[in-house]
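Peer 1: My file is query.cif. It has mmCIF, C-alpha atoms:
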data_my_file
loop_
_atom_site.label_atom_id
_atom_site.label_comp_id
_atom_site.auth_asym_id
_atom_site.auth_seq_id
_atom_site.Cartn_x
_atom_site.Cartn_y
_atom_site.Cartn_z
CA MET Q 1 62.15 68.26 114.03
CA ALA Q 2 65.34 66.52 114.98
CA ASP Q 3 67.04 64.57 117.71
CA SER Q 4 67.86 67.87 119.41
CA ASP Q 5 64.13 68.63 119.71
CA VAL Q 6 63.47 65.25 121.30
CA LYS Q 7 66.20 65.99 123.82
CA ALA Q 8 64.76 69.43 124.49
CA MET Q 9 61.53 67.78 125.70
CA THR Q 10 63.46 66.56 128.73
CA ALA Q 11 64.58 70.02 129.76
CA GLU Q 12 61.86 70.42 132.36
CA ILE Q 13 62.08 66.92 133.84
CA GLU Q 14 62.84 67.15 137.52
CA CYS Q 15 66.21 65.64 138.37
CA PRO Q 16 67.22 64.27 141.77
CA THR Q 17 70.26 65.83 143.37
CA PHE Q 18 72.83 64.36 145.73
CA ASP Q 19 74.18 66.87 148.22
CA GLN Q 20 77.18 64.77 149.21
CA PRO Q 21 77.94 62.54 146.24
CA ALA Q 22 80.12 59.51 146.86
CA PHE Q 23 83.37 59.17 144.97
CA THR Q 24 85.36 55.94 144.80
CA ARG Q 25 88.96 56.07 143.64
CA SER Q 26 89.88 53.38 141.16
CA LYS Q 27 92.80 51.01 141.18
CA PRO Q 28 94.92 51.08 138.03
CA LEU Q 29 92.61 49.98 135.24
CA SER Q 30 94.93 47.15 134.28
CA GLU Q 31 93.98 45.58 137.60
CA CYS Q 32 90.25 46.27 137.34
CA THR Q 33 87.32 44.09 136.34
CA VAL Q 34 84.81 46.15 134.39
CA ALA Q 35 81.04 45.63 134.10
CA ILE Q 36 78.36 47.35 132.06
CA VAL Q 37 75.19 48.63 133.68
CA THR Q 38 72.70 49.87 131.14
CA THR Q 39 69.37 51.61 131.57
CA ALA Q 40 68.20 50.44 128.13
CA SER Q 41 65.92 47.76 129.63
CA LEU Q 42 67.94 45.04 127.92
CA HIS Q 43 66.96 41.52 128.82
CA HIS Q 44 67.59 38.03 127.56
CA ALA Q 45 64.83 36.56 125.44
CA ASP Q 46 63.91 34.08 128.18
CA GLN Q 47 63.76 36.73 130.92
CA PRO Q 48 60.61 38.72 131.71
CA ASP Q 49 60.13 41.86 129.68
CA PHE Q 50 60.28 45.12 131.62
CA GLY Q 51 56.94 46.54 132.70
CA GLY Q 52 55.94 50.11 132.07
CA ASN Q 53 57.00 51.23 135.54
CA ASP Q 54 59.53 48.58 136.44
CA ALA Q 55 62.26 49.33 139.00
CA THR Q 56 63.76 45.84 139.04
CA TYR Q 57 66.86 44.74 137.17
CA ARG Q 58 67.90 41.88 134.96
CA VAL Q 59 71.24 40.09 135.25
CA LEU Q 60 72.83 39.80 131.80
CA ASP Q 61 75.19 36.96 130.90
CA GLY Q 62 78.06 38.55 129.02
CA SER Q 63 78.52 35.46 126.87
CA ARG Q 64 75.00 35.63 125.40
CA ARG Q 65 74.01 37.78 122.44
CA ASP Q 66 70.22 37.61 122.78
CA LEU Q 67 69.82 41.01 124.40
CA VAL Q 68 66.37 42.32 123.61
CA LEU Q 69 65.90 46.08 123.77
CA GLY Q 70 62.93 46.47 126.08
CA HIS Q 71 62.83 50.20 126.83
CA TRP Q 72 59.29 51.61 126.68
CA SER Q 73 60.08 55.07 125.34
CA PRO Q 74 59.60 55.68 121.62
CA ASN Q 75 61.95 58.63 121.78
CA PHE Q 76 65.24 57.05 120.79
CA ASP Q 77 66.73 55.44 117.70
CA ALA Q 78 66.74 51.64 117.84
CA SER Q 79 68.17 50.87 114.40
CA GLY Q 80 71.76 51.32 115.56
CA TYR Q 81 71.27 48.78 118.34
CA ALA Q 82 69.53 46.39 115.94
CA LEU Q 83 72.66 46.39 113.80
CA ASP Q 84 75.31 46.44 116.51
CA THR Q 85 74.56 45.82 120.18
CA ASN Q 86 77.91 47.39 121.07
CA VAL Q 87 76.45 50.83 120.39
CA VAL Q 88 74.57 50.39 123.70
CA PHE Q 89 76.25 47.37 125.32
CA PRO Q 90 79.94 47.53 124.37
CA ILE Q 91 80.85 44.01 125.45
CA ASP Q 92 83.07 43.28 122.44
CA ARG Q 93 84.96 46.53 122.93
CA LEU Q 94 85.59 45.69 126.61
CA ARG Q 95 86.86 42.26 125.68
CA GLU Q 96 89.28 43.85 123.23
CA LEU Q 97 90.46 46.20 125.97
CA ALA Q 98 91.04 43.21 128.25
CA VAL Q 99 93.06 41.42 125.58
CA SER Q 100 95.18 44.54 125.08
CA GLY Q 101 95.75 44.84 128.82
CA ARG Q 102 94.11 48.26 129.14
CA ILE Q 103 91.66 46.77 131.66
CA GLY Q 104 92.21 43.78 133.90
CA GLY Q 105 89.14 41.86 132.79
CA VAL Q 106 85.48 41.90 131.85
CA ALA Q 107 82.80 40.84 134.31
CA GLN Q 108 80.91 37.64 133.61
CA ARG Q 109 77.62 39.26 134.48
CA HIS Q 110 76.23 42.71 133.84
CA LEU Q 111 73.05 44.54 134.80
CA SER Q 112 70.13 46.18 133.09
CA TYR Q 113 67.57 48.57 134.52
CA ALA Q 114 64.78 50.58 132.94
CA GLY Q 115 65.72 54.20 132.45
CA ASN Q 116 62.13 55.44 132.34
CA GLN Q 117 61.63 55.75 136.09
CA PHE Q 118 58.88 57.87 137.53
CA GLU Q 119 59.46 57.09 141.19
CA LEU Q 120 63.04 56.67 142.32
CA SER Q 121 62.78 55.29 145.85
CA THR Q 122 63.08 51.64 144.85
CA ILE Q 123 66.06 52.26 142.58
CA ARG Q 124 67.77 54.37 145.21
CA LEU Q 125 67.08 52.24 148.27
CA ASP Q 126 66.47 48.69 147.06
CA SER Q 127 67.20 47.48 143.53
CA GLY Q 128 70.10 49.88 143.01
CA PRO Q 129 72.06 48.85 146.13
CA ALA Q 130 71.19 45.17 145.49
CA GLY Q 131 72.63 45.32 141.98
CA ALA Q 132 75.75 47.13 143.20
CA LYS Q 133 76.28 44.52 145.92
CA MET Q 134 75.95 41.70 143.41
CA LEU Q 135 78.66 43.20 141.22
CA ARG Q 136 80.92 43.93 144.20
CA ASP Q 137 80.51 40.35 145.43
CA GLU Q 138 81.56 39.13 141.97
CA GLY Q 139 84.75 41.16 142.07
CA VAL Q 140 83.77 44.05 139.83
CA ASP Q 141 85.75 47.27 140.36
CA VAL Q 142 84.53 49.62 137.62
CA VAL Q 143 81.10 50.16 136.06
CA ILE Q 144 80.30 51.87 132.76
CA PHE Q 145 76.73 53.19 132.62
CA THR Q 146 74.99 53.44 129.27
CA PRO Q 147 71.52 54.84 128.52
CA VAL Q 148 69.46 54.86 125.34
CA MET S 149 70.86 56.45 135.15
CA SER S 150 72.83 58.98 137.14
CA VAL S 151 70.92 58.01 140.29
CA LEU S 152 72.26 54.50 139.84
CA ALA S 153 75.75 55.87 139.31
CA HIS S 154 75.56 57.63 142.67
CA VAL S 155 74.24 54.47 144.35
CA PHE S 156 76.91 52.22 142.82
CA GLU S 157 79.67 54.68 143.66
CA ALA S 158 78.51 54.73 147.28
CA ALA S 159 78.76 50.93 147.28
CA GLY S 160 82.47 51.15 146.46
CA LEU S 161 82.45 50.87 142.68
CA ALA S 162 84.18 53.44 140.48
CA THR S 163 81.70 54.50 137.82
CA VAL S 164 81.50 56.54 134.67
CA ALA S 165 78.19 57.47 133.05
CA LEU S 166 77.77 58.21 129.37
CA GLY S 167 75.05 60.74 128.64
CA SER S 168 73.73 62.27 125.44
CA ILE S 169 71.51 64.99 126.93
CA ARG S 170 73.72 67.75 128.26
CA SER S 171 71.15 69.35 130.56
CA GLN S 172 70.32 66.01 132.18
CA ILE S 173 73.86 64.91 132.86
CA GLU S 174 74.72 68.38 134.15
CA ARG S 175 71.78 68.45 136.52
CA THR S 176 72.08 64.87 137.78
CA ALA S 177 75.86 65.24 138.11
CA PRO S 178 77.04 61.63 138.24
CA PRO S 179 80.39 61.09 140.01
CA ARG S 180 82.08 60.85 136.60
CA GLY S 181 80.12 61.85 133.56
CA LEU S 182 81.06 61.93 129.89
CA PHE S 183 78.70 63.99 127.77
CA CYS S 184 78.61 62.55 124.27
CA ASP S 185 76.66 64.67 121.80
CA PHE S 186 75.16 61.71 119.94
CA PRO S 187 71.59 60.96 118.90
CA LEU S 188 69.45 59.21 121.50
CA GLY S 189 69.73 55.43 121.40
CA ARG S 190 73.39 55.33 120.39
CA PRO S 191 75.44 56.10 123.52
CA LEU S 192 78.62 54.69 121.96
CA GLY S 193 78.04 56.82 118.87
CA ARG S 194 78.35 54.79 115.71
CA PRO S 195 77.15 51.20 115.12
CA ASN S 196 79.61 48.93 113.34
CA ASP S 197 82.45 51.37 114.01
CA PRO S 198 84.70 49.75 116.63
CA ALA S 199 87.35 52.48 116.33
CA PHE S 200 84.83 55.19 117.16
CA GLN S 201 83.42 53.15 120.05
CA HIS S 202 86.93 52.64 121.40
CA ARG S 203 87.55 56.39 121.35
CA VAL S 204 84.46 56.90 123.51
CA LEU S 205 85.52 54.17 125.93
CA ALA S 206 89.08 55.47 126.06
CA HIS S 207 87.84 58.87 127.23
CA ALA S 208 85.42 57.29 129.70
CA LEU S 209 88.08 55.02 131.18
CA ASP S 210 90.53 57.89 131.38
CA LEU S 211 88.04 59.61 133.67
CA VAL S 212 87.87 56.51 135.84
CA GLU S 213 91.62 56.31 136.12
CA HIS S 214 92.55 59.96 136.57
CA ALA S 215 89.64 61.94 137.98
CA THR S 216 90.11 62.76 141.63
CA GLY S 217 86.61 64.06 142.31
CA PRO S 218 83.21 64.47 140.67
CA THR S 219 83.75 65.51 137.10
CA LEU S 220 81.92 66.03 133.83
CA GLU S 221 83.76 66.15 130.53
CA THR S 222 82.64 66.36 126.90
CA PHE S 223 83.65 63.87 124.23
CA ALA S 224 85.48 65.62 121.42
CA GLU S 225 83.39 64.34 118.50
CA ALA S 226 79.70 65.13 117.98
CA ILE S 227 77.18 63.35 115.77
CA VAL S 228 74.43 65.69 114.64
CA ASP S 229 71.04 64.53 113.37
CA ASP S 230 69.94 66.74 110.49
CA GLY S 231 66.29 66.31 111.41
CA ASP S 232 65.36 65.54 107.85
CA THR S 233 66.96 62.45 106.34
CA ALA S 234 64.69 59.44 105.89
CA THR S 235 65.90 56.10 104.60
CA SER S 236 65.05 55.56 100.95
CA CYS S 237 63.60 52.10 101.21
CA PRO S 238 61.42 50.15 98.78
CA LEU S 239 57.95 49.09 99.86
CA PRO S 240 56.06 46.01 98.70
CA PRO S 241 53.54 46.42 95.88
CA ARG S 242 49.86 45.97 96.59
CA HIS S 243 49.10 42.27 96.78
CA ASP S 244 45.63 41.80 98.31
CA ALA S 245 43.30 44.66 97.43
CA SER S 246 40.74 43.39 99.91
CA LEU S 247 43.00 44.43 102.78
CA PRO S 248 43.65 47.96 104.01
CA PRO S 249 46.89 49.18 102.40
CA ALA S 250 48.71 49.26 105.74
CA VAL S 251 47.85 45.63 106.48
CA ASP S 252 48.81 44.50 102.99
CA GLU S 253 52.08 46.38 103.35
CA ALA S 254 52.88 44.79 106.72
CA ARG S 255 52.31 41.33 105.25
CA GLY S 256 54.48 42.15 102.26
CA LEU S 257 57.42 43.15 104.45
CA ARG S 258 57.57 39.80 106.23
CA PRO S 259 60.27 38.22 104.02
CA ALA S 260 62.49 41.27 104.51
CA PHE S 261 61.84 41.16 108.25
CA ASP S 262 62.82 37.49 108.38
CA ARG S 263 66.00 38.15 106.41
CA ALA S 264 66.94 40.99 108.76
CA VAL S 265 66.35 38.85 111.85
CA ALA S 266 68.45 36.06 110.33
CA ALA S 267 71.26 38.54 109.70
CA HIS S 268 71.12 40.68 112.83
CA GLY S 269 68.96 38.89 115.40
CA ASP S 270 65.62 39.81 116.86
CA LEU S 271 66.85 42.45 119.30
CA ALA S 272 64.86 45.60 118.62
CA ALA S 273 62.06 44.22 116.50
CA ALA S 274 58.59 42.83 117.09
CA GLY S 275 58.04 40.36 119.90
CA ARG S 276 57.87 42.37 123.10
CA VAL S 277 54.07 42.04 123.07
CA VAL S 278 53.22 41.19 119.45
CA GLN S 279 54.91 38.33 117.65
CA PRO S 280 55.72 38.86 113.97
CA ASP S 281 52.73 36.77 112.88
CA GLY S 282 50.48 39.17 114.77
CA ILE S 283 51.83 42.40 113.28
CA PRO S 284 49.32 42.68 110.38
CA ALA S 285 46.38 42.29 112.78
CA ALA S 286 47.91 44.85 115.12
CA VAL S 287 48.27 47.26 112.21
CA ALA S 288 44.63 46.58 111.31
CA ALA S 289 43.63 47.61 114.82
CA PHE S 290 45.31 51.00 114.43
CA VAL S 291 43.67 51.42 111.02
CA ALA S 292 40.36 50.89 112.76
CA VAL S 293 41.15 53.50 115.40
CA ALA S 294 42.19 55.93 112.67
CA ASN S 295 38.81 55.31 111.02
CA GLY S 296 36.87 56.10 114.15
CA THR S 297 36.62 52.88 116.15
CA PRO S 298 37.18 53.55 119.86
CA TRP S 299 40.58 52.16 120.76
CA LYS S 300 39.22 49.78 123.39
CA GLN S 301 37.03 48.15 120.73
CA ALA S 302 39.63 48.04 117.99
CA GLY S 303 41.43 44.91 119.12
CA ILE S 304 44.83 46.44 119.88
CA PRO S 305 46.64 43.42 121.37
CA GLY S 306 48.16 45.13 124.40
CA VAL S 307 49.10 48.54 125.73
CA PRO S 308 48.75 50.76 122.63
CA ALA S 309 52.20 52.36 122.88
CA ARG S 310 53.91 49.01 123.38
CA VAL S 311 52.07 47.51 120.42
CA ALA S 312 52.97 50.51 118.26
CA GLN S 313 56.59 50.09 119.35
CA ASP S 314 56.57 46.49 118.12
CA ILE S 315 55.07 47.51 114.79
CA ARG S 316 57.74 50.17 114.40
CA GLY S 317 60.41 47.64 115.37
CA TYR S 318 59.09 45.20 112.78
CA TYR S 319 59.25 47.82 110.05
CA GLU S 320 62.62 49.30 111.00
CA THR S 321 64.12 45.85 111.26
CA ALA S 322 62.70 44.91 107.84
CA ALA S 323 64.27 48.08 106.44
CA LEU S 324 67.71 46.85 107.47
CA ALA S 325 67.34 44.04 104.91
CA LEU S 326 66.26 46.45 102.19
CA ILE S 327 69.06 49.03 102.38
CA GLU S 328 72.76 48.68 101.77
CA HIS S 329 74.17 51.11 104.31
CA THR S 330 74.29 51.56 108.06
CA PRO S 331 71.52 54.11 108.61
CA ALA S 332 72.12 57.27 110.55
CA ALA S 333 70.04 57.64 113.70
CA TRP S 334 66.32 58.22 113.08
CA GLU S 335 66.62 57.52 109.33
CA THR S 336 64.54 54.36 109.43
CA THR S 337 62.16 55.91 111.95
CA ARG S 338 61.40 58.80 109.60
CA TRP S 339 60.87 56.30 106.80
CA PHE S 340 58.39 54.39 108.95
CA ILE S 341 56.50 57.43 110.21
CA HIS S 342 56.39 59.47 107.01
CA HIS S 343 56.66 56.98 104.14
CA THR S 344 54.76 53.84 105.13
CA GLU S 345 51.06 53.12 105.34
CA ALA S 346 51.42 51.66 108.81
CA GLY S 347 53.24 54.75 110.06
CA ALA S 348 50.44 56.90 108.65
CA ALA S 349 47.81 54.68 110.28
CA ILE S 350 49.39 54.91 113.73
CA THR S 351 49.89 58.65 113.35
CA ALA S 352 46.22 59.02 112.37
CA ALA S 353 45.11 56.79 115.23
CA ARG S 354 47.11 58.97 117.59
CA ALA S 355 45.34 62.07 116.30
CA ALA S 356 41.95 60.36 116.57
CA MET S 357 42.61 59.34 120.17
CA GLN S 358 43.74 62.85 121.04
CA ALA S 359 40.69 64.37 119.36
CA GLY S 360 38.48 61.87 121.17
CA GLY S 361 39.67 63.15 124.53
CA GLU S 362 41.63 60.07 125.53
CA LYS S 363 44.26 60.44 128.23
CA MET S 364 47.50 61.89 126.87
CA ALA S 365 49.51 58.97 128.24
CA LEU S 366 47.54 56.62 125.98
CA TRP S 367 48.24 58.35 122.67
CA PHE S 368 51.30 60.53 123.17
CA TYR S 369 53.80 57.66 123.08
CA LEU S 370 52.46 55.94 119.98
CA VAL S 371 55.15 57.56 117.84
CA PRO S 372 58.32 59.51 118.64
CA ASN S 373 57.43 63.07 119.32
CA GLY S 374 58.23 65.26 116.35
CA ILE S 375 60.48 62.92 114.40
#
Give the structure from the file, written as C-alpha cells.

Peer 2:
Amino acid sequence: MADSDVKAMTAEIECPTFDQPAFTRSKPLSECTVAIVTTASLHHADQPDFGGNDATYRVLDGSRRDLVLGHWSPNFDASGYALDTNVVFPIDRLRELAVSGRIGGVAQRHLSYAGNQFELSTIRLDSGPAGAKMLRDEGVDVVIFTPV
Amino acid sequence: MSVLAHVFEAAGLATVALGSIRSQIERTAPPRGLFCDFPLGRPLGRPNDPAFQHRVLAHALDLVEHATGPTLETFAEAIVDDGDTATSCPLPPRHDASLPPAVDEARGLRPAFDRAVAAHGDLAAAGRVVQPDGIPAAVAAFVAVANGTPWKQAGIPGVPARVAQDIRGYYETAALALIEHTPAAWETTRWFIHHTEAGAAITAARAAMQAGGEKMALWFYLVPNGI
C-alpha cells in the first residue's frame, strides 16, 4: 500500500460544513504580517505535550527551533520534518519572503493545534476564536495553515 | 484544519490552507485552499528544498492576494509515493545474545540515534512519552505482547500507540544518521516496519492484541495502516 491508500482511509470521515463561510479581503501582501498556524501538534520542548483528544493550542516563538512534532496519528511521514522543519513550519521561507519584500513581515508568535479532533465544539467556539484574537491583537493580517 | 481556517477568517484574518487530501479539502472548503498532492506529513512538499517550498508558498500567497471569494486551487507539481520503496539502511549486528533480537537491535542503534539528534535535533524522535534510555525496555514490552503476555501486564510505559510512536521515531531518526540521502516520504517508515526486529515485534503485538479481542482503538494505531 501507499500514501494514497492512507489518504483513502479518510474518505468516509464526516466533515463539518459552513453554510455562509466568512471571507476576509487582504491588504497588499507587502503590507501584511504573516503567521503560521499548524495542526501538526508542534510544541516547544518545555511546553506540555498534546493529549490524545486535546483541543487547546500552543503559542510558538518564531525565533526558537525546538519544535517537537506531537501529533498522535501514525499515518503520516515524520522523516521529512525531522530533517527540515520548514516542510511543515515554513518559518525560514517566510523570513526570506519578508527580506525580499514579498510580504511585509513575519509574526513573532505562531500557533499550533492538534489536527486529530473528534469533537469540534471547543475548536470552533473557544480555542479557535481565542487563537485568532491573539494573532489579530499582535497585528497579524494573513495566516498560512499547514497540516501533517 | 479547515474549521480553524473558517474561524480565523471570521475573526478578520485572511487565510490560506494547504491540504494534501483532495476529498477533505474539497468537502471542508476552507475560504482559500491550495490542494498539494504530496505525501502526508510534508505539506510544503520537499524537505531541504527551499526553491520547491517557495513555489508552494508563492501559489498560496497569490491566492491570498488575488482571490475575491472562496476558492480552491491545485498546486501544479505532484509528489507521488510509489508505495514500495524502503530505505536501505544497515542494522547493528547481534551484540548480546541473552536479549531478544529487537531489544538488542534498539540498543545497538543508540549511537546512530545520538548522531542524528546532534545533527538534526530531537523533533520527531523518542521523548514524547519514552526517553531514549527507555526505548529498549519499551521494545521489550511489545516483544512480550507479541509472545502472548496481555498488554496490561507487559510493562508498556504509556498509551501503547504513543509508546509505539516514540519507538518508531527513535528508529527513523537513527536511520537519518545511517543514510546519505534525503529520504522520500515513508521510506524510513517502511524500513522500520518491514526490515527491523522492533517493527516486526510491534506488528506482531498489534496482531496479538487484535486476536485477543482488545478494543480496536488500542491496537489499530500502533503502526501506520498499510504502509

Peer 1: Quick one: everything within 9 Å of Thr24 of chain Q, counting all atoms listed in the file, minus sequence neighbours fewer than 3 positions away in the same chain. Send it as a ChimeraX atom specification.

Peer 2: /S:157-163,179,216-217

Peer 1: Given all atoms listed in the file, how would the per-residue table for chain S near chain Q read, listing every residue at most 7 Å away with its closest atom pair and distance in Å to one decimal, sorted by chain and number, as a tab-separated table?

Peer 2:
residue	atom	partner	partner_atom	distance
S:Met149	CA	Q:Thr39	CA	6.2
S:Val151	CA	Q:Arg124	CA	6.9
S:Leu152	CA	Q:Gly128	CA	6.0
S:His154	CA	Q:Ala22	CA	6.5
S:Val155	CA	Q:Pro129	CA	6.3
S:Phe156	CA	Q:Ala132	CA	5.2
S:Glu157	CA	Q:Ala22	CA	5.8
S:Ala158	CA	Q:Ala22	CA	5.1
S:Ala159	CA	Q:Ala132	CA	6.3
S:Gly160	CA	Q:Thr24	CA	5.8
S:Leu161	CA	Q:Asp141	CA	5.4
S:Ala162	CA	Q:Val142	CA	4.8
S:Thr163	CA	Q:Val143	CA	4.7
S:Val164	CA	Q:Ile144	CA	5.2
S:Ala165	CA	Q:Phe145	CA	4.5
S:Leu166	CA	Q:Thr146	CA	5.5
S:Gly167	CA	Q:Pro147	CA	6.9
S:Ile169	CA	Q:Lys7	CA	6.2
S:Ser171	CA	Q:Ala11	CA	6.7
S:Arg175	CA	Q:Cys15	CA	6.5
S:Thr176	CA	Q:Cys15	CA	5.9
S:Pro179	CA	Q:Phe23	CA	6.1
S:Pro187	CA	Q:Asp3	CA	5.9
S:Leu188	CA	Q:Phe76	CA	4.8
S:Gly189	CA	Q:Val148	CA	4.0
S:Arg190	CA	Q:Val87	CA	5.4
S:Pro191	CA	Q:Val88	CA	5.8
S:Leu192	CA	Q:Val87	CA	4.7
S:Gly193	CA	Q:Val87	CA	6.4
S:Arg194	CA	Q:Val87	CA	6.4
S:Pro195	CA	Q:Asp84	CA	5.3
S:Asn196	CA	Q:Asp84	CA	5.9
S:His202	CA	Q:Arg93	CA	6.6
S:Val212	CA	Q:Ser26	CA	6.5
S:Glu213	CA	Q:Ser26	CA	6.1
S:Gly217	CA	Q:Phe23	CA	6.4
S:Pro218	CA	Q:Phe23	CA	6.8
S:Asp229	CA	Q:Asp3	CA	5.9
S:Asp230	CA	Q:Ala2	CA	6.4
S:Gly231	CA	Q:Ala2	CA	3.7
S:His268	CA	Q:Leu83	CA	6.0
S:Leu271	CA	Q:Val68	CA	4.3
S:Ala272	CA	Q:Leu69	CA	5.3
S:Arg276	CA	Q:Asp49	CA	7.0
S:Arg310	CA	Q:Trp72	CA	6.8
S:Gln313	CA	Q:Pro74	CA	6.7
S:Glu320	CA	Q:Ser79	CA	6.7
S:Ala333	CA	Q:Asp77	CA	5.6
S:Trp334	CA	Q:Asp77	CA	5.4
S:Tyr369	CA	Q:Pro74	CA	6.3
S:Val371	CA	Q:Pro74	CA	6.1
S:Pro372	CA	Q:Asn75	CA	4.9
S:Asn373	CA	Q:Val6	CA	6.7
S:Gly374	CA	Q:Met1	CA	5.5
S:Ile375	CA	Q:Met1	CA	5.6

Peer 1: Can you list, as a PyMOL selection string, every protein, DNA or RNA residue that comes within 8 Å of Asp185 of chain S when you count all atoms listed in the file, leaving out same-chain residues fewer than 3 positions away?

Peer 2: chain S and resi 168-170+223+225-228

Peer 1: Which residue gives the smallest distance to Ala177 of chain S among Q:Asn53, Q:Gln47, Q:Asp19, Q:Thr122, with all atoms listed in the file counted?

Peer 2: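 So, comparing all the options, the nearest one is Q:Asp19.
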
Peer 1: Could you check which of Q:Asp126, Q:Asp61, Q:Met134, Q:Arg95 is closest to His110 of chain Q, using all atoms listed in the file?

Peer 2: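 Closest to His110 of chain Q, using all atoms listed in the file: Q:Asp61.
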
Peer 1: Find the distance between atom CA of Cys237 of chain S and atom CA of Val291 of chain S and write it in Å to one decimal.

Peer 2: 22.2 Å

Peer 1: Using the chain letters and numbers from the file, give me the residues hit by the PyMOL selection byres ((chain S and resi 248-254) around 8), as a PyMOL selection string.

Peer 2: chain S and resi 239-247+255-258+283-285+287-288+291+319+344-346+349

Peer 1: Write out the residues from the selection above, keeping C-alpha atoms, as a PDB file, keeping the file's coordinate frame.

Peer 2:
ATOM      1  CA  LEU S 239      57.950  49.090  99.860  1.00  0.00           C
ATOM      2  CA  PRO S 240      56.060  46.010  98.700  1.00  0.00           C
ATOM      3  CA  PRO S 241      53.540  46.420  95.880  1.00  0.00           C
ATOM      4  CA  ARG S 242      49.860  45.970  96.590  1.00  0.00           C
ATOM      5  CA  HIS S 243      49.100  42.270  96.780  1.00  0.00           C
ATOM      6  CA  ASP S 244      45.630  41.800  98.310  1.00  0.00           C
ATOM      7  CA  ALA S 245      43.300  44.660  97.430  1.00  0.00           C
ATOM      8  CA  SER S 246      40.740  43.390  99.910  1.00  0.00           C
ATOM      9  CA  LEU S 247      43.000  44.430 102.780  1.00  0.00           C
ATOM     10  CA  ARG S 255      52.310  41.330 105.250  1.00  0.00           C
ATOM     11  CA  GLY S 256      54.480  42.150 102.260  1.00  0.00           C
ATOM     12  CA  LEU S 257      57.420  43.150 104.450  1.00  0.00           C
ATOM     13  CA  ARG S 258      57.570  39.800 106.230  1.00  0.00           C
ATOM     14  CA  ILE S 283      51.830  42.400 113.280  1.00  0.00           C
ATOM     15  CA  PRO S 284      49.320  42.680 110.380  1.00  0.00           C
ATOM     16  CA  ALA S 285      46.380  42.290 112.780  1.00  0.00           C
ATOM     17  CA  VAL S 287      48.270  47.260 112.210  1.00  0.00           C
ATOM     18  CA  ALA S 288      44.630  46.580 111.310  1.00  0.00           C
ATOM     19  CA  VAL S 291      43.670  51.420 111.020  1.00  0.00           C
ATOM     20  CA  TYR S 319      59.250  47.820 110.050  1.00  0.00           C
ATOM     21  CA  THR S 344      54.760  53.840 105.130  1.00  0.00           C
ATOM     22  CA  GLU S 345      51.060  53.120 105.340  1.00  0.00           C
ATOM     23  CA  ALA S 346      51.420  51.660 108.810  1.00  0.00           C
ATOM     24  CA  ALA S 349      47.810  54.680 110.280  1.00  0.00           C
TER      25      ALA S 349
END

Peer 1: So what do you get for atom CA of Val99 of chain Q versus atom CA of Ala224 of chain S, distance-wise?

Peer 2: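 Computing it gives 25.7 Å between the two atoms.
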
Peer 1: Using Å and a single decimal, report how far atom CA of Ala264 of chain S sits from atom CA of Pro331 of chain S.

Peer 2: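 Going from atom CA of Pro331 of chain S over to atom CA of Ala264 of chain S covers 13.9 Å.
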
Peer 1: With all atoms listed in the file as the basis for distance, which of S:Val293, S:Val278, S:Ala266, S:Ala322 is at the shortest distance from Met357 of chain S?

Peer 2: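 Among the listed residues, S:Val293 lies closest to Met357 of chain S.
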
Peer 1: Counting only C-alpha atoms, which residue out of Q:Gly105, Q:Ala55, Q:Thr33, Q:Leu60 sits closest to Phe118 of chain Q?

Peer 2: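 Among the listed residues, the smallest separation from Phe118 of chain Q belongs to Q:Ala55.
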
Peer 1: Might you pull out every residue within 9 Å of Leu220 of chain S, with only C-alpha atoms counted and same-chain residues fewer than 4 positions away left off, and present them as a PyMOL selection string?

Peer 2: chain S and resi 173-174+177-183+211
